[in-house]
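**Q** Okay, handing you the structure first.
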Protein chains: 2
Amino acid sequence: MTGIDGDRLLADLTALRHIGQDRTGVHRPAFSNADMAARRWLAERMTEAGLQPTVDGLGNVLGRAPDAETVLLIGSHTDSVPHGGWLDGALGVAYGLEVSRALAPRGHAVDVVSFQDEEGTFFPCLGSRSFVGEVTRADLVGRHDTEGRDLLGEIERNALDAAPWLRLEASRYAAFLEAHIEQGPRLETTGTNLGIVTGIVGMRRYRIIAHGQADHAGTTPMAMRRDAGATLIGFADRLLATVRANADAETVWNVGRMEFRPGASNVVPAEAELWFEVRDLDDARLDVIEREVAACATAVETAHVPVTFQRTSAIPPVAMDQDLVAILEQAAGAAGTSTARMASGAGHDAMILAPHVPAAMIFVPSIDGRSHDVLEDSTAEDIVRGCETLAAAAATLFER
Amino acid sequence: MTGIDGDRLLADLTALRHIGQDRTGVHRPAFSNADMAARRWLAERMTEAGLQPTVDGLGNVLGRAPDAETVLLIGSHTDSVPHGGWLDGALGVAYGLEVSRALAPRGHAVDVVSFQDEEGTFFPCLGSRSFVGEVTRADLVGRHDTEGRDLLGEIERNALDAAPWLRLEASRYAAFLEAHIEQGPRLETTGTNLGIVTGIVGMRRYRIIAHGQADHAGTTPMAMRRDAGATLIGFADRLLATVRANADAETVWNVGRMEFRPGASNVVPAEAELWFEVRDLDDARLDVIEREVAACATAVETAHVPVTFQRTSAIPPVAMDQDLVAILEQAAGAAGTSTARMASGAGHDAMILAPHVPAAMIFVPSIDGRSHDVLEDSTAEDIVRGCETLAAAAATLFER
């Protein structure tokens with residue numbers, strides 16, 4: 001028995017759902033009034049749980065347990081995307097609170113954390129990046145949300161500017177554990193109770209542009225055209241075949257956008273642009289795919305229609321701690337909870353902490369794979385089961 | 001000798017260029033003050049030339065020569081696209097005026113016409129379509145330009161609403177002749193003096209839409225996606241290969257636009273749309289291409305990503321009168337003017353007149369193929385040479 005109180009856990013999640021509620025989801029962008037209210041609510045729950053809460057200068061909330069030989073850090077984030085789901089982030093924070101409460105009577109010390117702006121309203125993973133020392137005050141200058149609000153202005157508006165920033169005491173923690181909803185359909189589709197995350201994929205993004213010339217599509221013979229659109233179509237087709245040929249079963253990729261300019265039916269495209277991204281746990285595979293895709297661009301370009309190939313971002317993969325992965329798997333198995341090892345296709349705070357402290361994640365099934373949407377949901381049974389596994393694994397870490 | 005006065009012709013074109021001048025081009029959209037000023041200017045020149053001008057209820061200007069056994073109609077349009085070139089349309093009207101003046105002393109009757117709104121500011125080829133009886137007053141209702149001006153309002157503003165509409169007296173004319181700039185690079189590239197138009201291509205336009213589902217591009221495994229973008233890329237590549245395989249040397253086609261929705265790098269496209277058009281002199285070839293392209297759509301669609309294939313317009317090809325083509329070719333050849341037979345890839349008023357009266361067109365070389373742009377231009381030598389050919393061909397028609 002882990003001592004988890006499922007009703008208490010669900011009551012916490014429901015309380016959070018009412019802060020910034022938007023239909024069946026929540027609207028709690030970082031630094032909004034709802035976001036800050038959720039952080040204050042959390043600090044109160046921490047105090048009730050016997051933790052010492054601190055809200056830092058960026059809105060990170062850390063609840064410290066009384067000092068002990070072994071301390072675990074469990075949490076995630078309470079900010080949301082605009083008009084997002086009630087569980088994204090909140091689930092991991094509520095698990096931290098519940099595990100901390102459940103294990104405290106056994107003398108186990110679980111610190112609980114809610115990082116700020118994981119969703120990148122102003123700065124993706126701002127709170128966890130700051131926590132590990134990757135952010136300086138200069139990095140905050142000129143950061144705005146899509147509605148033009150200024151990050152420094154929001155910090156001041158919330159009277160956070162005088163507060164110090166929390167920093168990770170790496171020596172304090174045996175592990176950082178983060179639970180999250182899957183945000184995809186695999187667990188539900190395969191009837192699996194829980195995902196054990198082996199790593200967070202690396203991601204690379206590219207923009208490929210073919211440069212041609214606008215001409216009248218009726219009066220310009222085919223042989224005299226410099227057709228950026230046709231060149232890009234040829235590239236796109238090769239791209240998809242090449243990536244597939246170099247992918248493994250876990251690789252994911254996307255051409256999310258194509259744009260022809262000027263974009264009229266009767267004008268030969270002067271410029272055509274394609275946005276491509278690819279994610280994989282293996283950085284070497286991402287290297288190979290990048291090289292092969294660049295070769296596609298070279299293969300289709302001509303003197304009349306040159307093609308530029310630009311990498312716009314590269315985030316390396318992050319492996320989870322293999323010892324923690326095994327402990328989580330065993331804890332689930334001992335309770336009859338079925339698991340699947342899987343990569344996380346999206347970024348999480350655990351990705352930021354992993355280089356500094358052993359880190360691992362679990363995924364709870366998402367109904368219909370929905371996420372970043374007010375329709376996002378998981379069953380109460382899955383929610384409680386995930387917390388049981390996390391508590392059992394935590395107990396193992398304390399008691400081994 | 002044709003009696004053409006090259007300086008007088010160039011002076012007329014320069015005078016028109018000053019009406020609604022926009023840098024090196026003109027801005028004379030149909031029914032604008034500049035357009036109507038050009039039409040009044042033309043009516044005055046007609047009177048000077050011994051023609052009886054009429055401005056009809058749509059702004060068509062027709063100058064009638066004294067009745068004769070054989071009468072030719074020569075002209076084009078004086079309206080322009082926004083910020084267009086000085087020769088598009090104006091050239092054909094100025095040729096009509098000059099040929100009429102040159103041949104009048106020999107007793108030859110050349111009526112001159114400037115049709116309204118060939119460029120489709122409100123209604124493509126409105127004037128010539130009305131002239132042949134294809135337009136009723138009901139067709140004018142609800143027509144607006146891109147800036148929201150109402151066609152009926154413009155007619156009233158220009159005090160045209162009480163004037164009757166001119167109608168073609170088909171029995172009056174032995175032929176309709178229209179000169180135009182090429183609007184493409186073929187004549188210049190091949191060093192040819194004049195294009196003899198064999199026909200105006202038919203055009204068909206299509207919109208092809210793949211219907212998928214938006215999903216997170218990081219967390220949704222490839223096998224679980226309904227990727228409208230990837231499906232459309234596969235379609236586009238097949239489309240280009242299929243059209244090329246079924247085209248002849250004169251067929252032209254274009255994919256002018258592709259759009260993925262929602263169009264974010266990390267979202268699997270829920271919907272992807274492609275705009276395709278194809279033009280050819282042979283309607284049977286257009287039928288074949290349409291059938292083959294539709295088959296491409298069927299080939300790529302799946303139960304999860306259906307593809308809709310929609311024809312949005314179909315304009316049949318129009319052949320020029322083969323007798324007139326031969327006479328124009330001979331008239332050019334006799335003067336040492338090199339010619340090339342070619343299809344017109346764009347629509348013209350001659351396309352509207354051709355079913356009702358024998359019609360033909362000549363094309364004067366365009367510098368750098370530019371058109372619908374203030375940089376559009378042709379050399380004075382080419383301009384005068386084209387008019388000489390038209391006058392010589394007209395003389396042949398009167399004197400044979």
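For the structure tokens, the naming scheme is as follows: chains receive sequential letters (A, B, ...) according to their order of presentation, residues are indexed from 1 within each chain, and ligands are indexed from 1 in presentation order.
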Hey, which bits of chain A sit within 8 Å of chain B, and for each residue what's the closest pair of atoms and how far apart in Å (one decimal), counting only C-alpha atoms, rows by chain and increasing number, as JSON lines?

**A**
{"residue": "A:Glu182", "atom": "CA", "partner": "B:Thr219", "partner_atom": "CA", "distance": 7.7}
{"residue": "A:Gln183", "atom": "CA", "partner": "B:Thr219", "partner_atom": "CA", "distance": 6.3}
{"residue": "A:Gly184", "atom": "CA", "partner": "B:Thr219", "partner_atom": "CA", "distance": 5.1}
{"residue": "A:Pro185", "atom": "CA", "partner": "B:Thr220", "partner_atom": "CA", "distance": 6.7}
{"residue": "A:Arg186", "atom": "CA", "partner": "B:Pro221", "partner_atom": "CA", "distance": 7.5}
{"residue": "A:His216", "atom": "CA", "partner": "B:Gly184", "partner_atom": "CA", "distance": 7.4}
{"residue": "A:Ala217", "atom": "CA", "partner": "B:Asn254", "partner_atom": "CA", "distance": 6.1}
{"residue": "A:Gly218", "atom": "CA", "partner": "B:Gly345", "partner_atom": "CA", "distance": 4.1}
{"residue": "A:Thr219", "atom": "CA", "partner": "B:Gly345", "partner_atom": "CA", "distance": 4.5}
{"residue": "A:Thr220", "atom": "CA", "partner": "B:Gly184", "partner_atom": "CA", "distance": 5.2}
{"residue": "A:Pro221", "atom": "CA", "partner": "B:Val252", "partner_atom": "CA", "distance": 6.4}
{"residue": "A:Met222", "atom": "CA", "partner": "B:Val252", "partner_atom": "CA", "distance": 6.1}
{"residue": "A:Met224", "atom": "CA", "partner": "B:Pro185", "partner_atom": "CA", "distance": 7.9}
{"residue": "A:Gly229", "atom": "CA", "partner": "B:Val255", "partner_atom": "CA", "distance": 6.8}
{"residue": "A:Ala230", "atom": "CA", "partner": "B:Val255", "partner_atom": "CA", "distance": 7.2}
{"residue": "A:Ile233", "atom": "CA", "partner": "B:Asp237", "partner_atom": "CA", "distance": 6.0}
{"residue": "A:Gly234", "atom": "CA", "partner": "B:Asp237", "partner_atom": "CA", "distance": 6.1}
{"residue": "A:Ala236", "atom": "CA", "partner": "B:Ile233", "partner_atom": "CA", "distance": 6.4}
{"residue": "A:Asp237", "atom": "CA", "partner": "B:Ile233", "partner_atom": "CA", "distance": 6.0}
{"residue": "A:Leu240", "atom": "CA", "partner": "B:Ala230", "partner_atom": "CA", "distance": 7.6}
{"residue": "A:Glu250", "atom": "CA", "partner": "B:Pro221", "partner_atom": "CA", "distance": 7.3}
{"residue": "A:Val252", "atom": "CA", "partner": "B:Met222", "partner_atom": "CA", "distance": 6.1}
{"residue": "A:Trp253", "atom": "CA", "partner": "B:Ala217", "partner_atom": "CA", "distance": 6.7}
{"residue": "A:Asn254", "atom": "CA", "partner": "B:Ala217", "partner_atom": "CA", "distance": 6.1}
{"residue": "A:Val255", "atom": "CA", "partner": "B:Ser265", "partner_atom": "CA", "distance": 6.8}
{"residue": "A:Gly256", "atom": "CA", "partner": "B:Ser265", "partner_atom": "CA", "distance": 4.4}
{"residue": "A:Arg257", "atom": "CA", "partner": "B:Gly263", "partner_atom": "CA", "distance": 4.6}
{"residue": "A:Met258", "atom": "CA", "partner": "B:Glu259", "partner_atom": "CA", "distance": 6.0}
{"residue": "A:Glu259", "atom": "CA", "partner": "B:Met258", "partner_atom": "CA", "distance": 6.0}
{"residue": "A:Phe260", "atom": "CA", "partner": "B:Arg257", "partner_atom": "CA", "distance": 5.2}
{"residue": "A:Arg261", "atom": "CA", "partner": "B:Arg257", "partner_atom": "CA", "distance": 7.5}
{"residue": "A:Gly263", "atom": "CA", "partner": "B:Arg257", "partner_atom": "CA", "distance": 4.6}
{"residue": "A:Ala264", "atom": "CA", "partner": "B:Gly256", "partner_atom": "CA", "distance": 5.3}
{"residue": "A:Ser265", "atom": "CA", "partner": "B:Gly256", "partner_atom": "CA", "distance": 4.4}
{"residue": "A:Asn266", "atom": "CA", "partner": "B:Gly256", "partner_atom": "CA", "distance": 6.4}
{"residue": "A:Val267", "atom": "CA", "partner": "B:Gly256", "partner_atom": "CA", "distance": 5.9}
{"residue": "A:Val268", "atom": "CA", "partner": "B:Gly256", "partner_atom": "CA", "distance": 5.8}
{"residue": "A:Pro269", "atom": "CA", "partner": "B:Gly256", "partner_atom": "CA", "distance": 5.8}
{"residue": "A:Trp275", "atom": "CA", "partner": "B:Ser265", "partner_atom": "CA", "distance": 6.0}
{"residue": "A:Phe276", "atom": "CA", "partner": "B:Ser265", "partner_atom": "CA", "distance": 6.6}
{"residue": "A:Glu277", "atom": "CA", "partner": "B:Ser265", "partner_atom": "CA", "distance": 6.7}
{"residue": "A:Arg279", "atom": "CA", "partner": "B:Gly218", "partner_atom": "CA", "distance": 6.8}
{"residue": "A:Ser344", "atom": "CA", "partner": "B:Thr219", "partner_atom": "CA", "distance": 6.8}
{"residue": "A:Gly345", "atom": "CA", "partner": "B:Gly218", "partner_atom": "CA", "distance": 4.2}
{"residue": "A:Ala346", "atom": "CA", "partner": "B:Gly218", "partner_atom": "CA", "distance": 5.4}

**Q** Suppose we keep N, CA and C atoms; can you now write the selection as a compact mmCIF listing (two decimals), in the first residue's frame?

**A**
# COMPACT_ATOMS: atom_id res chain seq x y z
N GLU A 182 -0.28 11.62 -21.61
CA GLU A 182 0.49 11.22 -22.79
C GLU A 182 0.45 12.26 -23.90
N GLN A 183 -0.68 12.92 -24.08
CA GLN A 183 -0.87 13.87 -25.19
C GLN A 183 -0.85 13.19 -26.55
N GLY A 184 -1.07 11.90 -26.57
CA GLY A 184 -1.11 11.15 -27.82
C GLY A 184 -1.97 9.93 -27.61
N PRO A 185 -2.17 9.13 -28.65
CA PRO A 185 -3.17 8.04 -28.59
C PRO A 185 -2.60 6.65 -28.33
N ARG A 186 -1.30 6.51 -28.11
CA ARG A 186 -0.72 5.16 -28.12
C ARG A 186 -1.20 4.29 -26.97
N HIS A 216 3.42 34.89 -65.94
CA HIS A 216 2.03 34.60 -66.30
C HIS A 216 1.92 33.13 -66.67
N ALA A 217 1.03 32.43 -66.00
CA ALA A 217 0.93 30.98 -66.19
C ALA A 217 0.24 30.60 -67.50
N GLY A 218 -0.30 31.59 -68.21
CA GLY A 218 -0.91 31.29 -69.50
C GLY A 218 0.02 31.58 -70.66
N THR A 219 0.85 32.60 -70.51
CA THR A 219 1.62 33.10 -71.66
C THR A 219 3.09 32.71 -71.63
N THR A 220 3.54 32.10 -70.55
CA THR A 220 4.95 31.72 -70.46
C THR A 220 5.10 30.23 -70.73
N PRO A 221 5.79 29.86 -71.81
CA PRO A 221 5.95 28.42 -72.10
C PRO A 221 6.63 27.70 -70.94
N MET A 222 6.31 26.43 -70.80
CA MET A 222 6.83 25.66 -69.66
C MET A 222 8.36 25.72 -69.60
N MET A 224 10.38 27.95 -70.35
CA MET A 224 10.97 29.24 -70.00
C MET A 224 10.68 29.65 -68.56
N GLY A 229 7.37 26.64 -57.30
CA GLY A 229 6.37 25.71 -56.75
C GLY A 229 6.63 24.27 -57.19
N ALA A 230 6.84 24.09 -58.50
CA ALA A 230 7.08 22.73 -59.01
C ALA A 230 8.35 22.15 -58.40
N ILE A 233 7.54 21.08 -54.86
CA ILE A 233 6.72 19.86 -54.84
C ILE A 233 7.63 18.64 -55.02
N GLY A 234 8.55 18.73 -55.98
CA GLY A 234 9.50 17.63 -56.18
C GLY A 234 10.34 17.37 -54.94
N ALA A 236 9.47 18.12 -51.81
CA ALA A 236 8.62 17.62 -50.72
C ALA A 236 8.39 16.12 -50.87
N ASP A 237 8.17 15.68 -52.09
CA ASP A 237 7.93 14.27 -52.33
C ASP A 237 9.18 13.44 -52.00
N LEU A 240 9.73 13.27 -48.09
CA LEU A 240 8.92 12.30 -47.34
C LEU A 240 9.46 10.89 -47.53
N GLU A 250 10.13 4.76 -34.02
CA GLU A 250 9.79 5.84 -33.10
C GLU A 250 9.98 7.23 -33.71
N VAL A 252 9.38 10.52 -35.59
CA VAL A 252 8.19 11.23 -36.11
C VAL A 252 8.64 12.48 -36.84
N TRP A 253 7.89 12.85 -37.87
CA TRP A 253 8.24 14.02 -38.65
C TRP A 253 6.98 14.66 -39.20
N ASN A 254 7.12 15.88 -39.68
CA ASN A 254 5.94 16.61 -40.15
C ASN A 254 6.34 17.71 -41.13
N VAL A 255 5.58 17.79 -42.23
CA VAL A 255 5.61 18.99 -43.06
C VAL A 255 4.32 19.72 -42.71
N GLY A 256 4.43 20.70 -41.85
CA GLY A 256 3.24 21.34 -41.30
C GLY A 256 2.72 22.48 -42.14
N ARG A 257 3.55 22.93 -43.09
CA ARG A 257 3.14 24.12 -43.83
C ARG A 257 3.89 24.19 -45.15
N MET A 258 3.17 24.57 -46.19
CA MET A 258 3.80 24.91 -47.47
C MET A 258 3.17 26.22 -47.92
N GLU A 259 3.97 27.07 -48.49
CA GLU A 259 3.43 28.37 -48.91
C GLU A 259 4.05 28.76 -50.24
N PHE A 260 3.20 29.08 -51.22
CA PHE A 260 3.67 29.55 -52.52
C PHE A 260 3.41 31.05 -52.60
N ARG A 261 4.37 31.79 -53.07
CA ARG A 261 4.20 33.24 -53.22
C ARG A 261 4.38 33.64 -54.68
N GLY A 263 1.11 33.23 -54.85
CA GLY A 263 0.00 32.40 -54.41
C GLY A 263 -1.27 32.58 -55.22
N ALA A 264 -1.16 32.93 -56.50
CA ALA A 264 -2.34 33.07 -57.35
C ALA A 264 -2.36 31.92 -58.36
N SER A 265 -3.56 31.52 -58.73
CA SER A 265 -3.73 30.38 -59.62
C SER A 265 -3.00 30.59 -60.95
N ASN A 266 -3.02 31.83 -61.46
CA ASN A 266 -2.47 32.07 -62.80
C ASN A 266 -1.08 32.72 -62.78
N VAL A 267 -0.39 32.62 -61.65
CA VAL A 267 0.97 33.16 -61.58
C VAL A 267 1.92 32.03 -61.18
N VAL A 268 2.96 31.83 -62.01
CA VAL A 268 3.98 30.84 -61.66
C VAL A 268 4.63 31.28 -60.33
N PRO A 269 4.70 30.39 -59.34
CA PRO A 269 5.24 30.80 -58.03
C PRO A 269 6.68 31.32 -58.12
N TRP A 275 7.96 24.04 -44.38
CA TRP A 275 8.39 23.93 -42.99
C TRP A 275 8.41 22.44 -42.61
N PHE A 276 9.56 21.97 -42.18
CA PHE A 276 9.74 20.54 -41.88
C PHE A 276 10.34 20.38 -40.49
N GLU A 277 9.82 19.41 -39.73
CA GLU A 277 10.47 19.08 -38.47
C GLU A 277 10.55 17.58 -38.31
N ARG A 279 11.67 14.45 -35.21
CA ARG A 279 12.00 14.20 -33.81
C ARG A 279 12.44 12.73 -33.65
N SER A 344 9.05 10.40 -25.21
CA SER A 344 8.17 11.57 -25.20
C SER A 344 8.45 12.39 -26.45
N GLY A 345 7.39 12.61 -27.21
CA GLY A 345 7.55 13.38 -28.45
C GLY A 345 7.48 14.87 -28.22
N ALA A 346 7.11 15.27 -27.03
CA ALA A 346 7.04 16.70 -26.70
C ALA A 346 8.04 16.99 -25.58

**Q** Got a sec to tell me which of segment 16-148 of chain B DSSP assigns to strand (DSSP E), as JSON, numbers by chain?

**A** {"B": [21, 22, 25, 26, 52, 53, 54, 55, 61, 62, 63, 64, 71, 72, 73, 74, 75, 76, 77, 109, 110, 111, 112, 113, 114, 115]}

**Q** What's the 7 Å shell around segment 100-103 of chain B, counting only C-alpha atoms, without same-chain residues fewer than 5 positions away, as a list in words?

**A** Thr2, Gly3, Ile4, Ala49, His108, Ala109 and Val110 of chain B

**Q** Quick one: of B:Leu10, B:Leu177, B:Asp283, B:Gly85, who's nearest to Arg385 of chain B, counting only C-alpha atoms?

**A**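 The closest residue to Arg385 of chain B is B:Leu10.
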
**Q** Could you find all residues in segment 122-340 of chain A that DSSP calls helix (DSSP H, G or I) from the backbone, and write them as a count of residues only?

**A** 78

**Q** Nearest to Asp323 of chain A: which of A:Asn60, A:Thr379, A:Thr396, A:Gln116 is it, counting only C-alpha atoms?

**A** A:Thr396

**Q** Asp111 of chain B: which residues within 12 Å, counting only C-alpha atoms, same-chain residues fewer than 4 positions away excluded, as a ChimeraX atom specification?

**A** /B:46-47,49-54,61-68,70-76,93,95-101,103-104,168-169,172-177,394

**Q** What would the file look like if the residues just selected were written as a PDB file, in the first residue's frame with C-alpha atoms?

**A**
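Okay, this is what ended up in result30.pdb:
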ATOM      1  CA  MET B  46     -12.434  58.850 -83.953  1.00  0.00           C
ATOM      2  CA  THR B  47     -14.297  61.991 -84.915  1.00  0.00           C
ATOM      3  CA  ALA B  49     -10.542  60.336 -88.264  1.00  0.00           C
ATOM      4  CA  GLY B  50     -13.967  60.628 -89.890  1.00  0.00           C
ATOM      5  CA  LEU B  51     -15.547  57.901 -87.764  1.00  0.00           C
ATOM      6  CA  GLN B  52     -18.883  58.260 -85.981  1.00  0.00           C
ATOM      7  CA  PRO B  53     -18.209  57.494 -82.295  1.00  0.00           C
ATOM      8  CA  THR B  54     -20.672  56.030 -79.797  1.00  0.00           C
ATOM      9  CA  VAL B  61     -16.551  52.967 -77.592  1.00  0.00           C
ATOM     10  CA  LEU B  62     -17.294  52.146 -81.222  1.00  0.00           C
ATOM     11  CA  GLY B  63     -16.242  54.386 -84.112  1.00  0.00           C
ATOM     12  CA  ARG B  64     -18.213  53.606 -87.246  1.00  0.00           C
ATOM     13  CA  ALA B  65     -16.806  54.253 -90.690  1.00  0.00           C
ATOM     14  CA  PRO B  66     -19.132  55.344 -93.504  1.00  0.00           C
ATOM     15  CA  ASP B  67     -21.060  52.341 -94.783  1.00  0.00           C
ATOM     16  CA  ALA B  68     -19.281  50.246 -97.384  1.00  0.00           C
ATOM     17  CA  THR B  70     -16.705  45.481 -96.848  1.00  0.00           C
ATOM     18  CA  VAL B  71     -16.177  46.705 -93.294  1.00  0.00           C
ATOM     19  CA  LEU B  72     -13.526  45.516 -90.847  1.00  0.00           C
ATOM     20  CA  LEU B  73     -13.640  45.901 -87.090  1.00  0.00           C
ATOM     21  CA  ILE B  74     -10.294  46.500 -85.386  1.00  0.00           C
ATOM     22  CA  GLY B  75      -9.687  47.154 -81.720  1.00  0.00           C
ATOM     23  CA  SER B  76      -9.157  45.869 -78.210  1.00  0.00           C
ATOM     24  CA  VAL B  93      -7.092  50.208 -80.095  1.00  0.00           C
ATOM     25  CA  TYR B  95      -3.724  50.120 -84.277  1.00  0.00           C
ATOM     26  CA  GLY B  96      -7.425  50.225 -85.166  1.00  0.00           C
ATOM     27  CA  LEU B  97      -7.385  54.011 -85.246  1.00  0.00           C
ATOM     28  CA  GLU B  98      -4.217  54.166 -87.333  1.00  0.00           C
ATOM     29  CA  VAL B  99      -5.296  51.480 -89.821  1.00  0.00           C
ATOM     30  CA  SER B 100      -8.671  53.191 -90.200  1.00  0.00           C
ATOM     31  CA  ARG B 101      -7.001  56.532 -90.915  1.00  0.00           C
ATOM     32  CA  LEU B 103      -6.937  53.062 -95.357  1.00  0.00           C
ATOM     33  CA  ALA B 104      -9.775  55.614 -95.427  1.00  0.00           C
ATOM     34  CA  LEU B 168     -22.619  43.523 -82.884  1.00  0.00           C
ATOM     35  CA  GLU B 169     -24.036  43.787 -86.430  1.00  0.00           C
ATOM     36  CA  ARG B 172     -21.588  44.343 -91.242  1.00  0.00           C
ATOM     37  CA  TYR B 173     -18.102  42.876 -90.677  1.00  0.00           C
ATOM     38  CA  ALA B 174     -15.831  40.766 -92.832  1.00  0.00           C
ATOM     39  CA  ALA B 175     -13.502  40.307 -89.875  1.00  0.00           C
ATOM     40  CA  PHE B 176     -12.503  41.376 -86.378  1.00  0.00           C
ATOM     41  CA  LEU B 177      -8.766  41.932 -85.955  1.00  0.00           C
ATOM     42  CA  ALA B 394      -6.580  44.652 -93.915  1.00  0.00           C
TER      43      ALA B 394
END
